[in-house]
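Colleague: Below is the file input-v7.txt, with compact mmCIF, C-alpha atoms.
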```txt
# COMPACT_ATOMS: atom_id res chain seq x y z
CA MET A 835 0.00 0.00 0.00
CA TRP A 836 1.36 3.41 -0.97
CA PRO A 837 1.31 6.20 1.64
CA LEU A 838 -2.12 7.87 1.38
CA ALA A 839 -2.50 11.42 2.70
CA GLN A 840 -5.81 13.01 3.59
CA ILE A 841 -5.72 16.60 2.34
CA PRO A 842 -8.02 19.00 4.25
CA THR A 843 -8.53 21.15 1.15
CA CYS A 844 -6.70 22.10 -2.04
CA ASP A 845 -7.38 23.68 -5.40
CA SER A 846 -6.58 20.42 -7.20
CA THR A 847 -5.09 17.14 -6.03
CA GLN A 848 -3.13 17.13 -9.29
CA ASN A 849 -1.45 20.41 -8.29
CA TRP A 850 -0.91 19.00 -4.81
CA ALA A 851 0.82 15.97 -6.32
CA PHE A 852 3.00 18.11 -8.60
CA ALA A 853 4.06 20.12 -5.55
CA GLN A 854 5.03 16.93 -3.70
CA ILE A 855 7.24 15.87 -6.59
CA SER A 856 8.84 19.30 -6.99
CA ALA A 857 9.62 19.41 -3.27
CA ASP A 858 11.22 15.94 -3.27
CA PRO A 859 12.00 14.53 -6.74
CA GLU A 860 13.56 11.43 -5.16
CA LYS A 861 10.49 10.46 -3.12
CA ALA A 862 8.73 7.12 -3.55
CA CYS A 863 5.23 6.46 -4.88
CA PHE A 864 2.47 8.32 -3.04
CA ALA A 865 -1.23 9.20 -3.06
CA GLY A 866 -3.50 11.84 -1.56
CA TYR A 867 -7.22 12.56 -1.46
CA THR A 868 -9.63 15.28 -0.41
CA LEU A 869 -13.36 15.93 -0.21
CA ALA A 870 -12.77 19.68 -0.57
CA GLN A 871 -11.24 20.34 -3.99
CA THR A 872 -11.94 23.90 -5.07
CA ALA A 873 -10.68 24.01 -8.67
CA GLY A 874 -10.52 20.51 -10.14
CA VAL A 875 -9.47 20.07 -13.75
CA GLY A 876 -11.30 17.99 -16.35
CA ARG A 877 -10.35 16.85 -19.83
CA GLN A 878 -8.79 19.30 -22.27
CA GLY A 879 -8.29 21.86 -19.50
CA HIS A 880 -11.98 22.25 -18.67
CA ALA A 881 -13.01 22.84 -15.07
CA TRP A 882 -14.27 19.78 -13.19
CA LEU A 883 -17.91 20.36 -12.21
CA ASP A 884 -18.02 19.38 -8.55
CA SER A 885 -21.03 17.45 -7.28
CA GLY A 886 -20.84 19.11 -3.87
CA GLN A 887 -19.75 15.88 -2.24
CA GLY A 888 -17.01 14.43 -4.38
CA LEU A 889 -13.82 12.44 -3.94
CA ALA A 890 -10.65 13.76 -5.56
CA LEU A 891 -7.68 11.40 -5.45
CA SER A 892 -4.26 11.66 -7.08
CA LEU A 893 -1.44 9.13 -7.28
CA GLY A 894 2.15 9.87 -8.28
CA TRP A 895 4.82 7.40 -9.30
CA PRO A 896 8.18 7.48 -11.12
CA GLU A 897 7.94 5.85 -14.52
CA THR A 898 11.01 4.99 -16.56
CA ASP A 899 9.30 3.18 -19.43
CA LEU A 900 6.34 5.62 -19.77
CA LEU A 901 3.97 2.79 -20.59
CA ARG A 902 1.14 4.00 -22.82
CA GLY A 903 -2.55 3.84 -22.05
CA TRP A 904 -2.49 4.89 -18.40
CA PRO A 905 -5.77 6.90 -18.51
CA ALA A 906 -7.57 3.72 -19.58
CA TRP A 907 -5.66 1.42 -17.24
CA VAL A 908 -6.22 3.59 -14.16
CA SER A 909 -9.91 3.95 -15.08
CA LEU A 910 -10.16 0.15 -15.22
CA ALA A 911 -8.49 -0.20 -11.81
CA VAL A 912 -10.96 2.30 -10.30
CA VAL A 913 -13.99 0.45 -11.70
CA GLU A 914 -12.65 -2.89 -10.47
CA ALA A 915 -12.05 -1.41 -7.01
CA LEU A 916 -15.61 -0.05 -6.89
CA THR A 917 -17.03 -3.38 -8.00
CA ALA A 918 -15.08 -5.25 -5.32
CA LEU A 919 -16.10 -2.74 -2.64
CA TYR A 920 -19.77 -2.38 -3.55
CA GLY A 921 -21.35 -5.60 -4.81
CA PRO A 922 -24.58 -3.91 -6.04
CA LEU A 923 -22.54 -1.97 -8.62
CA ALA A 924 -21.28 -5.10 -10.37
CA GLY A 925 -23.85 -5.11 -13.15
CA ALA A 926 -24.28 -1.36 -13.40
CA ILE A 927 -20.81 0.16 -13.55
CA GLY A 928 -18.68 0.39 -16.68
CA LEU A 929 -16.23 2.45 -18.71
CA LYS A 930 -16.32 4.77 -21.69
CA TRP A 931 -13.05 5.04 -23.58
CA PRO A 932 -10.62 6.47 -22.77
CA ASN A 933 -11.18 7.59 -19.18
CA ASP A 934 -14.84 8.01 -18.18
CA LEU A 935 -16.33 6.02 -15.29
CA MET A 936 -19.96 5.17 -16.10
CA LEU A 937 -22.85 4.08 -13.90
CA GLN A 938 -26.26 3.23 -15.36
CA GLY A 939 -25.30 5.01 -18.57
CA ARG A 940 -24.30 8.24 -16.82
CA LYS A 941 -20.92 9.67 -15.86
CA LEU A 942 -19.83 8.83 -12.33
CA GLY A 943 -16.32 10.24 -12.61
CA GLY A 944 -13.18 10.43 -14.67
CA VAL A 945 -9.42 10.00 -14.74
CA LEU A 946 -6.64 12.26 -15.99
CA VAL A 947 -2.96 11.31 -16.26
CA HIS A 948 -0.18 13.85 -16.64
CA GLN A 949 3.56 13.51 -17.02
CA LYS A 950 6.02 15.64 -15.04
CA ARG A 951 9.77 15.58 -15.40
CA VAL A 952 11.89 16.83 -12.52
CA HIS A 953 15.65 16.82 -13.01
CA ASP A 954 16.34 13.49 -14.74
CA ARG A 955 13.32 11.66 -13.39
CA SER A 956 9.97 11.24 -15.13
CA TRP A 957 6.77 11.00 -13.08
CA LEU A 958 3.21 10.17 -13.91
CA VAL A 959 0.36 11.63 -11.88
CA ALA A 960 -3.12 10.13 -12.14
CA GLY A 961 -6.03 12.25 -10.95
CA ILE A 962 -9.34 10.54 -10.16
CA GLY A 963 -12.63 12.33 -9.57
CA LEU A 964 -15.77 10.57 -8.30
CA ASN A 965 -19.25 11.96 -7.61
CA LEU A 966 -20.18 10.67 -4.16
CA ARG A 967 -23.39 12.68 -3.92
CA TRP A 968 -24.90 15.59 -5.83
CA VAL A 969 -25.86 18.19 -3.23
CA VAL A 970 -28.14 19.82 -5.81
CA PRO A 971 -29.28 18.12 -9.04
CA PRO A 972 -26.67 18.31 -11.83
CA PRO A 973 -27.40 20.58 -14.82
CA PRO A 974 -30.01 19.01 -17.17
CA ASP A 975 -27.51 18.73 -20.02
CA LEU A 976 -24.97 16.90 -17.86
CA LEU A 977 -25.52 13.14 -17.93
CA ALA A 978 -24.06 12.59 -14.48
CA ILE A 979 -24.79 10.31 -11.54
CA ASP A 980 -23.47 9.75 -8.02
CA LEU A 981 -22.79 6.72 -5.86
CA PHE A 982 -25.39 7.68 -3.26
CA SER A 983 -28.27 7.53 -5.73
CA VAL A 984 -27.50 3.87 -6.45
CA LEU A 985 -26.25 2.63 -3.09
CA ALA A 986 -28.78 4.70 -1.09
CA LYS A 987 -26.39 5.14 1.81
CA PRO A 988 -23.66 7.59 2.84
CA ILE A 989 -20.24 6.89 1.37
CA ASP A 990 -17.27 6.57 3.75
CA ALA A 991 -14.66 8.38 1.68
CA GLY A 992 -11.58 7.19 3.60
CA PRO A 993 -11.96 3.43 2.96
CA LEU A 994 -13.09 4.18 -0.60
CA ALA A 995 -9.98 6.25 -1.34
CA GLU A 996 -7.80 3.58 0.24
CA ALA A 997 -9.37 0.78 -1.80
CA ILE A 998 -9.01 2.69 -5.07
CA ALA A 999 -5.43 3.76 -4.33
CA ASP A 1000 -4.48 0.20 -3.41
CA ARG A 1001 -6.00 -1.26 -6.59
CA CYS A 1002 -4.28 1.35 -8.74
CA ALA A 1003 -0.95 0.78 -6.97
CA GLN A 1004 -1.19 -2.96 -7.62
CA ALA A 1005 -1.83 -2.32 -11.32
CA ILE A 1006 0.99 0.21 -11.60
CA GLY A 1007 3.39 -2.19 -9.90
CA HIS A 1008 2.46 -5.14 -12.13
CA PRO A 1009 1.85 -3.94 -15.70
CA ALA A 1010 -0.27 -6.26 -17.84
CA PRO A 1011 -1.39 -4.11 -20.81
CA GLN A 1012 -2.85 -6.89 -22.94
CA GLN A 1013 -4.94 -8.26 -20.07
CA TRP A 1014 -6.03 -4.73 -19.15
CA ALA A 1015 -7.04 -4.04 -22.74
CA GLU A 1016 -9.29 -7.09 -22.81
CA ARG A 1017 -10.85 -6.26 -19.44
CA PHE A 1018 -11.38 -2.62 -20.40
CA TYR A 1019 -13.12 -3.55 -23.63
CA GLY A 1020 -15.31 -6.03 -21.76
CA ARG A 1021 -16.55 -3.19 -19.51
CA ASP A 1022 -16.87 -0.46 -22.14
CA VAL A 1023 -20.48 0.66 -22.50
CA PHE A 1024 -20.07 1.19 -26.28
CA ARG A 1025 -18.26 -2.04 -27.15
CA GLY A 1026 -19.41 -3.69 -30.36
CA GLN A 1027 -21.57 -0.72 -31.34
CA GLU A 1028 -21.38 1.84 -34.12
CA VAL A 1029 -19.64 4.93 -32.82
CA CYS A 1030 -18.39 8.30 -33.95
CA LEU A 1031 -14.90 9.32 -32.84
CA ARG A 1032 -14.31 13.06 -32.91
CA GLY A 1033 -11.18 15.04 -32.14
CA PRO A 1034 -9.59 18.46 -32.59
CA GLN A 1035 -8.37 19.37 -36.05
CA GLY A 1036 -5.47 17.10 -36.95
CA SER A 1037 -5.75 14.89 -33.85
CA LEU A 1038 -6.93 11.82 -35.78
CA GLY A 1039 -4.23 12.38 -38.35
CA ARG A 1040 -3.76 10.13 -41.34
CA HIS A 1041 -6.15 7.56 -39.89
CA ALA A 1042 -9.22 9.61 -40.83
CA PRO A 1043 -11.18 7.94 -43.68
CA ALA A 1044 -10.57 9.24 -47.18
CA GLY A 1045 -12.86 12.10 -48.12
CA GLN A 1046 -13.30 13.30 -44.54
CA GLU A 1047 -11.57 16.31 -43.07
CA SER A 1048 -8.64 15.04 -41.01
CA GLY A 1049 -9.33 15.13 -37.29
CA VAL A 1050 -13.08 15.78 -37.51
CA ALA A 1051 -14.84 12.43 -37.34
CA VAL A 1052 -14.37 8.71 -37.83
CA VAL A 1053 -17.45 6.50 -37.94
CA GLY A 1054 -17.36 2.74 -37.59
CA THR A 1055 -17.87 -0.20 -35.25
CA TYR A 1056 -15.99 -0.26 -31.95
CA ARG A 1057 -14.13 -3.60 -31.99
CA SER A 1058 -11.27 -3.58 -29.48
CA ILE A 1059 -8.71 -1.89 -27.26
CA ASP A 1060 -5.04 -2.61 -27.91
CA ALA A 1061 -2.14 -2.93 -25.47
CA GLU A 1062 -1.33 0.78 -25.86
CA GLY A 1063 -4.82 1.77 -24.74
CA ARG A 1064 -5.90 2.78 -28.25
CA ILE A 1065 -9.46 2.28 -29.45
CA GLY A 1066 -9.93 -0.01 -32.46
CA ILE A 1067 -12.67 1.03 -34.88
CA GLN A 1068 -13.71 -1.02 -37.89
CA THR A 1069 -14.21 1.47 -40.73
CA THR A 1070 -14.67 1.14 -44.47
CA GLU A 1071 -10.86 1.18 -44.67
CA GLY A 1072 -10.41 -1.66 -42.17
CA LEU A 1073 -9.63 -1.85 -38.47
CA GLN A 1074 -7.90 1.36 -37.36
CA PHE A 1075 -6.56 2.40 -33.96
CA PHE A 1076 -6.69 5.84 -32.37
CA SER A 1077 -5.12 7.23 -29.21
CA LEU A 1078 -7.11 10.49 -29.06
CA GLY A 1079 -10.71 11.53 -29.47
CA GLU A 1080 -14.17 11.61 -27.93
CA VAL A 1081 -16.46 8.66 -28.57
CA SER A 1082 -20.17 9.27 -29.15
CA LEU A 1083 -22.80 6.61 -29.71
CA ARG A 1084 -25.78 8.84 -30.39
CA GLN A 1085 -23.88 10.96 -32.88
CA ALA A 1086 -22.87 7.86 -34.81
CA ARG A 1087 -26.53 6.86 -35.09
CA ARG A 1088 -27.44 10.28 -36.45
CA ASP A 1089 -24.54 10.14 -38.92
CA ALA A 1090 -25.57 6.65 -40.01
CA ARG A 1091 -29.09 7.87 -40.83
CA GLY A 1092 -27.55 10.55 -42.99
```
Show me this structure written as structure tokens.
Modeller:
Amino acid sequence: MWPLAQIPTCDSTQNWAFAQISADPEKACFAGYTLAQTAGVGRQGHAWLDSGQGLALSLGWPETDLLRGWPAWVSLAVVEALTALYGPLAGAIGLKWPNDLMLQGRKLGGVLVHQKRVHDRSWLVAGIGLNLRWVVPPPPDLLAIDLFSVLAKPIDAGPLAEAIADRCAQAIGHPAPQQWAERFYGRDVFRGQEVCLRGPQGSLGRHAPAGQESGVAVVGTYRSIDAEGRIGIQTTEGLQFFSLGEVSLRQARRDARG
């Protein structure tokens, strides 16, 4: 078990973790969590919309090989920890590539992984955000959910943070990318379905189908995850793999109807 600190409050556990590394670049693996994060960060630099009662947890570890796919692998570890801790979630919780934690088709939380290099040492920092309970209902356009609404009981954040950190630490200490890829795909809510993958201009690169603007959209059937954490989509040009993008099921259905 890695050392797990309880942080009274902070702007972001990611920033807290970066500060730990900057203060002691030779330190060992560590983790910290808080229930009072004031300025969490979401994907692509967006602010994390706090549920009012949320768990923010970050883990930092030195990584010499910089194994790919960590957003997906950490997300898988979190879901497996939740399933082991709360039996009633087993049939309801899943994943949405690359890093969304899903519960009953709605977003329960997410994972971000950043790299930081201090002196000659590379670090990875994984930030995990979970909605424990929405104090007020989430905005109508936000397909979000919390643990309380499903479990119908208060969530003890300390044991939850410890269980998640321990599961992630085990995964980080024993890499098994091919096994993780198969388990991730088995839990992905869109597996086997027709999807639309969208990304910023140029992000999908040469893999975009001929005739489409590069980086705008790729439509096809979601077939697999590979050992680098990339999504495999069967398109008219064959099975192609992508490391970036936002997957949408509903948009793919609209595109398919023309």
Colleague: Quick one: residues within 9 Å of Leu966 (chain A), only C-alpha atoms, excluding same-chain residues fewer than 6 positions away - as an NGL selection string?
Modeller: :A and (885-889 or 942 or 979-983 or 988-989 or 991)
Colleague: I need the residue nearest Leu923 (chain A) from this list: A:Leu985, A:Leu893, A:Ala1010, A:Leu1078. Use all atoms listed in the file for the distance.
Modeller: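 When distances to Leu923 (chain A) are compared using all atoms listed in the file, the smallest one comes from A:Leu985.
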Colleague: Smallest atom-to-atom distance to Pro1009 (chain A): which of A:Ile927, A:Ala1061, A:Val945, A:Met835, using all atoms listed in the file?
Modeller: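 For Pro1009 (chain A), the nearest of the candidates is A:Ala1061.
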Colleague: Which residues, written as a list in words, have at least one atom at most 9 Å from Gly903 (chain A), with all atoms listed in the file counted and residues fewer than 6 positions away on the same chain left out?
Modeller: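 The contact residues come out as Pro932, Pro1011, Ala1061, Glu1062, Gly1063, Arg1064 and Ser1077 of chain A.
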Colleague: List the spatial neighbours of Ala960 (chain A) as a PyMOL selection string - criterion: any atom at most 10 Å away, all atoms listed in the file, same-chain residues fewer than 5 positions off excluded.
Modeller: chain A and resi 847-848+851+865+891-895+904-905+908-909+945-949+1002
Colleague: Suppose we keep C-alpha atoms; can you now write the selection as a PDB file, in the coordinates of the input?
Modeller:
```
ATOM      1  CA  THR A 847      -5.090  17.140  -6.030  1.00  0.00           C
ATOM      2  CA  GLN A 848      -3.130  17.130  -9.290  1.00  0.00           C
ATOM      3  CA  ALA A 851       0.820  15.970  -6.320  1.00  0.00           C
ATOM      4  CA  ALA A 865      -1.230   9.200  -3.060  1.00  0.00           C
ATOM      5  CA  LEU A 891      -7.680  11.400  -5.450  1.00  0.00           C
ATOM      6  CA  SER A 892      -4.260  11.660  -7.080  1.00  0.00           C
ATOM      7  CA  LEU A 893      -1.440   9.130  -7.280  1.00  0.00           C
ATOM      8  CA  GLY A 894       2.150   9.870  -8.280  1.00  0.00           C
ATOM      9  CA  TRP A 895       4.820   7.400  -9.300  1.00  0.00           C
ATOM     10  CA  TRP A 904      -2.490   4.890 -18.400  1.00  0.00           C
ATOM     11  CA  PRO A 905      -5.770   6.900 -18.510  1.00  0.00           C
ATOM     12  CA  VAL A 908      -6.220   3.590 -14.160  1.00  0.00           C
ATOM     13  CA  SER A 909      -9.910   3.950 -15.080  1.00  0.00           C
ATOM     14  CA  VAL A 945      -9.420  10.000 -14.740  1.00  0.00           C
ATOM     15  CA  LEU A 946      -6.640  12.260 -15.990  1.00  0.00           C
ATOM     16  CA  VAL A 947      -2.960  11.310 -16.260  1.00  0.00           C
ATOM     17  CA  HIS A 948      -0.180  13.850 -16.640  1.00  0.00           C
ATOM     18  CA  GLN A 949       3.560  13.510 -17.020  1.00  0.00           C
ATOM     19  CA  CYS A1002      -4.280   1.350  -8.740  1.00  0.00           C
TER      20      CYS A1002
END
```
Colleague: Please, what distance in Å, to one decimal, runs between CA of Asn933 (chain A) and CA of Asp1060 (chain A)?
Modeller: 14.8 Å
